[in-house]
Amino acid sequence: MQDKNKDYPLKDLVVLEVAQAVAGPMIGTLLGDLGANVIHIERPGVGDLARNWIPKRKDLSFYFAVVNRNKRSLTLNLSNPQGRDIFLNMVKKADVIIENFRPGVVEKWGIDYPTVKEINPKIIYCHVSGYGQDGPYRDRAAFDQVMQGEAGIISYTGTKDVPCKINVPVTDYVAALYGTYAVLVGLLKRQTTGKGMEVEVSLFDSAVNIMLNLLNMSVVEGLDDSELRMGAKYHLATPYEPYLAGDNKYVNICVAMEPHWVAFCKAIGMEDLATDSRFETNEKRLKNRDELEKIILKKLKEKSAKEWIEIFNNAGVPCGAVNSIKEVLEHPQLKHRKTIQEIEYPGIGKIKMFNNPVKFSDFEVDITRPPKLGEHTDEILKEFGYTDNEIKGFKEKDII
């Protein structure tokens with residue numbers, strides 16, 4: 001948890017996070033970055049399932065670390081009636097609840113929105129689930145891999161012959177962004193109405209929403225998924241893809257508008273291409289893509305990727321490198337923007353942590369390490385009025 005003496009916009013906010021894996025905890029992380037007191041509630045002795053995901057060193061899953069900065073860990077058995085009572089007591093002082101279990105689980109535990117609302121009418125209660133709280137797929141298990149398939153992402157990603165997934169949990173992250181947006185809207189509305197709100201977001205809805213123009217290319221233009229799968233190429237423009245340069249490294253070129261095309265042709269010393277009848281418009285370039293690609297590849301072999309990138313940038317042609325992950329970590333822009341920071345973790349030493357990508361003029365986001373399992377259980381319960389003897393009794397009964 002961050003320094004409460006700093007003037008963070010959410011520093012007085014208490015968030016109870018009954019969530020695990022990625023989508024739910026990421027909402028808590030984004031709120032915690034803004035100063036919220038985020039309490040990550042985990043099963044005693046077991047914890048968030050992400051704590052066991054690789055890569056892992058000692059007690060730290062680096063996957064867990066990615067989405068659990070700036071929060072504290074409380075272990076609490078919510079399936080135990082006394083554990084439920086502790087949670088409902090905490091609700092009295094809470095502002096936000098985040099949960100991402102299957103629909104029906106919080107009802108079974110007796111911590112659902114109607115129950116919580118009776119105790120604290122001002123609560124903002126956020127559900128995150130695979131398919132939503134209703135509908136025919138409501139009760140299905142959902143992970144990013146499944147969601148990428150159900151929402152069509154796998155079908156339109158990859159090459160014409162081989163579909164593939166996006167190799168990051170994109171549906172979790174998009175749902176977390178929408179979930180954070182929903183929580184902030186609930187808090188904003190509460191300022192005027194004095195009332196809380198129940199909000200919900202699903203990975204499926206969120207994933208479908210990022211299809212953008214792919215949906216139109218299918219519905220309006222009639223293209224099937226295999227036609228939309230073009231690997232590193234773009235179905236709406238060309239040259240708009242990575243090309244191998246003379247040093248066998250890629251130059252990522254994005255000719256998005258006709259002025260870019262004219263500038264590109266001039267930059268490679270082939271100005272006649274700009275008025276060539278085969279390539280003078282984007283539509284014609286797409287139609288004659290294979291011919292154009294041969295010309296560009298032959299020309300780019302004359303210089304290294306670094307040389308071409310400098311030439312194109314000076315000419316006003318959008319372009320860049322295709323970096324490896326290790327190259328990204330050494331990227332001068334990443335270092336300047338402090339996109340990744342090093343944080344001390346007990347027993348391990350320095351670990352790399354993502355910084356919040358948003359920059360604020362009034363404050364700078366500080367990053368604290370992810371919590372150990374149940375690390376803050378005692379101090380949190382004391383903050384909510386429990387005595388040392390009561391906490392000792394909870395431990396003896398495996399409630400915490």
# chains A, B, ... in the order shown; residues from 1 in each chain; ligands from 1

$ residues_around --residues "Val96 in chain A" --least-positions-apart "6" --cutoff "8 Å" --atoms "only C-alpha atoms" --output "list in words"
Leu13, Val14, Val15, Leu16, Ile123, Ile124, Tyr125, Cys126 and Val183 of chain A

$ residues_around --residues "Val358 in chain A" --least-positions-apart "5" --cutoff "12 Å" --atoms "only C-alpha atoms" --output "compact mmCIF listing (two decimals) with N, CA and C atoms, in the first residue's frame"
# COMPACT_ATOMS: atom_id res chain seq x y z
N LEU A 30 -4.95 -0.94 -10.32
CA LEU A 30 -5.09 0.40 -10.90
C LEU A 30 -5.66 1.39 -9.88
N ASP A 33 -2.85 2.11 -7.37
CA ASP A 33 -1.88 3.08 -7.91
C ASP A 33 -2.28 4.51 -7.60
N LEU A 34 -3.59 4.73 -7.49
CA LEU A 34 -4.11 6.08 -7.22
C LEU A 34 -4.31 6.33 -5.73
N ARG A 337 10.88 7.07 -19.39
CA ARG A 337 9.51 7.15 -18.87
C ARG A 337 9.32 6.35 -17.58
N LYS A 338 10.36 5.60 -17.16
CA LYS A 338 10.29 4.77 -15.95
C LYS A 338 9.14 3.77 -16.06
N THR A 339 8.98 3.20 -17.24
CA THR A 339 7.89 2.25 -17.50
C THR A 339 8.03 0.99 -16.66
N PHE A 363 0.74 14.52 -9.14
CA PHE A 363 1.40 13.52 -8.29
C PHE A 363 2.06 12.47 -9.17
N GLU A 364 3.01 11.76 -8.58
CA GLU A 364 3.67 10.66 -9.27
C GLU A 364 3.30 9.36 -8.59
N VAL A 365 2.91 8.38 -9.36
CA VAL A 365 2.53 7.08 -8.81
C VAL A 365 3.77 6.38 -8.27
N ASP A 366 3.69 5.92 -7.01
CA ASP A 366 4.75 5.12 -6.41
C ASP A 366 4.35 3.65 -6.50

$ residues_around --residues "Ser218 in chain A" --least-positions-apart "5" --cutoff "12 Å" --atoms "only C-alpha atoms" --output "ChimeraX atom specification"
/A:152,156,211-213,223-229,235

$ select_by_dssp --residues "range 247-285 of chain A" --states "alpha helix (DSSP H)" --output "compact mmCIF listing (two decimals) with N, CA and C atoms, in the first residue's frame"
# COMPACT_ATOMS: atom_id res chain seq x y z
N GLU A 258 -1.80 8.74 -48.03
CA GLU A 258 -1.11 8.95 -49.29
C GLU A 258 0.14 9.82 -49.17
N PRO A 259 0.13 10.89 -48.34
CA PRO A 259 1.39 11.64 -48.17
C PRO A 259 2.53 10.77 -47.64
N HIS A 260 2.19 9.76 -46.80
CA HIS A 260 3.21 8.83 -46.33
C HIS A 260 3.80 8.05 -47.50
N TRP A 261 2.94 7.66 -48.43
CA TRP A 261 3.38 6.88 -49.60
C TRP A 261 4.35 7.69 -50.45
N VAL A 262 4.01 8.93 -50.69
CA VAL A 262 4.89 9.80 -51.48
C VAL A 262 6.23 9.97 -50.76
N ALA A 263 6.18 10.21 -49.46
CA ALA A 263 7.41 10.38 -48.68
C ALA A 263 8.24 9.10 -48.64
N PHE A 264 7.57 7.96 -48.56
CA PHE A 264 8.26 6.67 -48.56
C PHE A 264 9.02 6.45 -49.86
N CYS A 265 8.34 6.69 -50.97
CA CYS A 265 8.99 6.50 -52.27
C CYS A 265 10.21 7.39 -52.43
N LYS A 266 10.09 8.62 -51.98
CA LYS A 266 11.20 9.56 -52.04
C LYS A 266 12.34 9.10 -51.14
N ALA A 267 12.01 8.60 -49.96
CA ALA A 267 13.03 8.18 -48.99
C ALA A 267 13.86 7.00 -49.51
N ASN A 282 -3.92 3.45 -52.38
CA ASN A 282 -3.86 2.33 -51.43
C ASN A 282 -4.61 1.11 -51.95
N GLU A 283 -5.75 1.34 -52.58
CA GLU A 283 -6.53 0.24 -53.12
C GLU A 283 -5.72 -0.54 -54.16
N LYS A 284 -5.01 0.20 -55.03
CA LYS A 284 -4.20 -0.46 -56.06
C LYS A 284 -3.00 -1.16 -55.44
N ARG A 285 -2.43 -0.56 -54.41
CA ARG A 285 -1.30 -1.20 -53.74
C ARG A 285 -1.72 -2.51 -53.08

$ residues_around --residues "Lys382 in chain A" --least-positions-apart "3" --cutoff "12 Å" --atoms "only C-alpha atoms" --output "count of residues only"
15

$ closest_residue --among "A:Glu302, A:Glu107, A:Glu17, A:Asp161" --to "His40 in chain A" --atoms "only C-alpha atoms"
A:Glu17

$ select_by_dssp --residues "range 141-271 of chain A" --states "strand (DSSP E)" --output "ChimeraX atom specification"
/A:197-202,240-244,250-254

$ write_last_selection --atoms "N, CA and C atoms" --output "short mmCIF file (atom, residue, chain, number, x, y, z; two decimals), in the first residue's frame"
data_model
loop_
_atom_site.label_atom_id
_atom_site.label_comp_id
_atom_site.auth_asym_id
_atom_site.auth_seq_id
_atom_site.Cartn_x
_atom_site.Cartn_y
_atom_site.Cartn_z
N MET A 197 -23.70 1.45 -6.07
CA MET A 197 -24.11 0.92 -7.36
C MET A 197 -23.49 -0.46 -7.58
N GLU A 198 -24.21 -1.31 -8.28
CA GLU A 198 -23.67 -2.60 -8.70
C GLU A 198 -23.27 -2.47 -10.17
N VAL A 199 -22.03 -2.85 -10.50
CA VAL A 199 -21.57 -2.79 -11.88
C VAL A 199 -20.98 -4.15 -12.24
N GLU A 200 -21.00 -4.46 -13.51
CA GLU A 200 -20.41 -5.73 -13.92
C GLU A 200 -19.79 -5.62 -15.30
N VAL A 201 -18.74 -6.39 -15.49
CA VAL A 201 -18.05 -6.43 -16.77
C VAL A 201 -17.68 -7.88 -17.05
N SER A 202 -17.72 -8.27 -18.32
CA SER A 202 -17.34 -9.63 -18.68
C SER A 202 -16.18 -9.61 -19.66
N TYR A 240 2.49 -1.64 -44.90
CA TYR A 240 2.06 -1.45 -43.51
C TYR A 240 2.39 -2.74 -42.77
N GLU A 241 3.70 -3.01 -42.66
CA GLU A 241 4.14 -4.29 -42.10
C GLU A 241 5.65 -4.25 -41.88
N PRO A 242 6.22 -5.26 -41.22
CA PRO A 242 7.68 -5.33 -41.09
C PRO A 242 8.32 -5.90 -42.36
N TYR A 243 9.47 -5.34 -42.73
CA TYR A 243 10.24 -5.81 -43.88
C TYR A 243 11.68 -6.06 -43.43
N LEU A 244 12.30 -7.11 -43.95
CA LEU A 244 13.69 -7.41 -43.62
C LEU A 244 14.63 -6.44 -44.32
N TYR A 250 14.27 -6.42 -38.87
CA TYR A 250 13.05 -5.88 -39.46
C TYR A 250 12.92 -4.37 -39.29
N VAL A 251 12.36 -3.75 -40.34
CA VAL A 251 11.93 -2.36 -40.27
C VAL A 251 10.40 -2.38 -40.34
N ASN A 252 9.76 -1.82 -39.35
CA ASN A 252 8.29 -1.85 -39.28
C ASN A 252 7.74 -0.56 -39.89
N ILE A 253 7.16 -0.66 -41.06
CA ILE A 253 6.75 0.52 -41.83
C ILE A 253 5.23 0.64 -41.83
N CYS A 254 4.74 1.86 -41.61
CA CYS A 254 3.29 2.10 -41.59
C CYS A 254 2.94 3.27 -42.51
#

$ closest_residue --among "A:Leu31, A:Val106, A:Thr75, A:Lys352" --to "Val46 in chain A" --atoms "only C-alpha atoms"
A:Thr75

$ closest_residue --among "A:Gly110, A:Pro103, A:Gly374, A:Gly231" --to "Ile166 in chain A" --atoms "only C-alpha atoms"
A:Gly231

$ residues_around --residues "Asn120 in chain A" --least-positions-apart "3" --cutoff "7 Å" --atoms "only C-alpha atoms" --output "list in words"
Val91, Lys92, Val116, Lys117 and Ile123 of chain A

$ residues_around --residues "Gln341 in chain A" --least-positions-apart "6" --cutoff "8 Å" --atoms "only C-alpha atoms" --output "NGL selection string"
:A and (352-355)

$ residues_around --residues "Ala21 in chain A" --least-positions-apart "6" --cutoff "7 Å" --atoms "only C-alpha atoms" --output "VMD selection string"
chain A and resid 48 to 50

$ write_last_selection --atoms "C-alpha atoms" --output "PDB file, in the first residue's frame"
ATOM      1  CA  ASP A  48      -4.712 -16.489  -5.025  1.00  0.00           C
ATOM      2  CA  LEU A  49      -4.314 -19.242  -7.649  1.00  0.00           C
ATOM      3  CA  ALA A  50      -1.906 -16.946  -9.538  1.00  0.00           C
TER       4      ALA A  50
END

$ closest_residue --among "A:Arg102, A:Pro44, A:Gln20, A:Ile111" --to "Glu396 in chain A" --atoms "only C-alpha atoms"
A:Pro44

$ atom_distance --atom1 "CA of Ala23 in chain A" --atom2 "CA of Arg190 in chain A"
23.8 Å

$ closest_residue --among "A:Asn68, A:Thr368, A:Ser61, A:Ser79" --to "Ile39 in chain A" --atoms "only C-alpha atoms"
A:Asn68

$ atom_distance --atom1 "CA of Tyr137 in chain A" --atom2 "CA of Phe101 in chain A"
14.5 Å

$ closest_residue --among "A:Leu373, A:Val219, A:Val105, A:Lys397" --to "Asn52 in chain A" --atoms "only C-alpha atoms"
A:Leu373
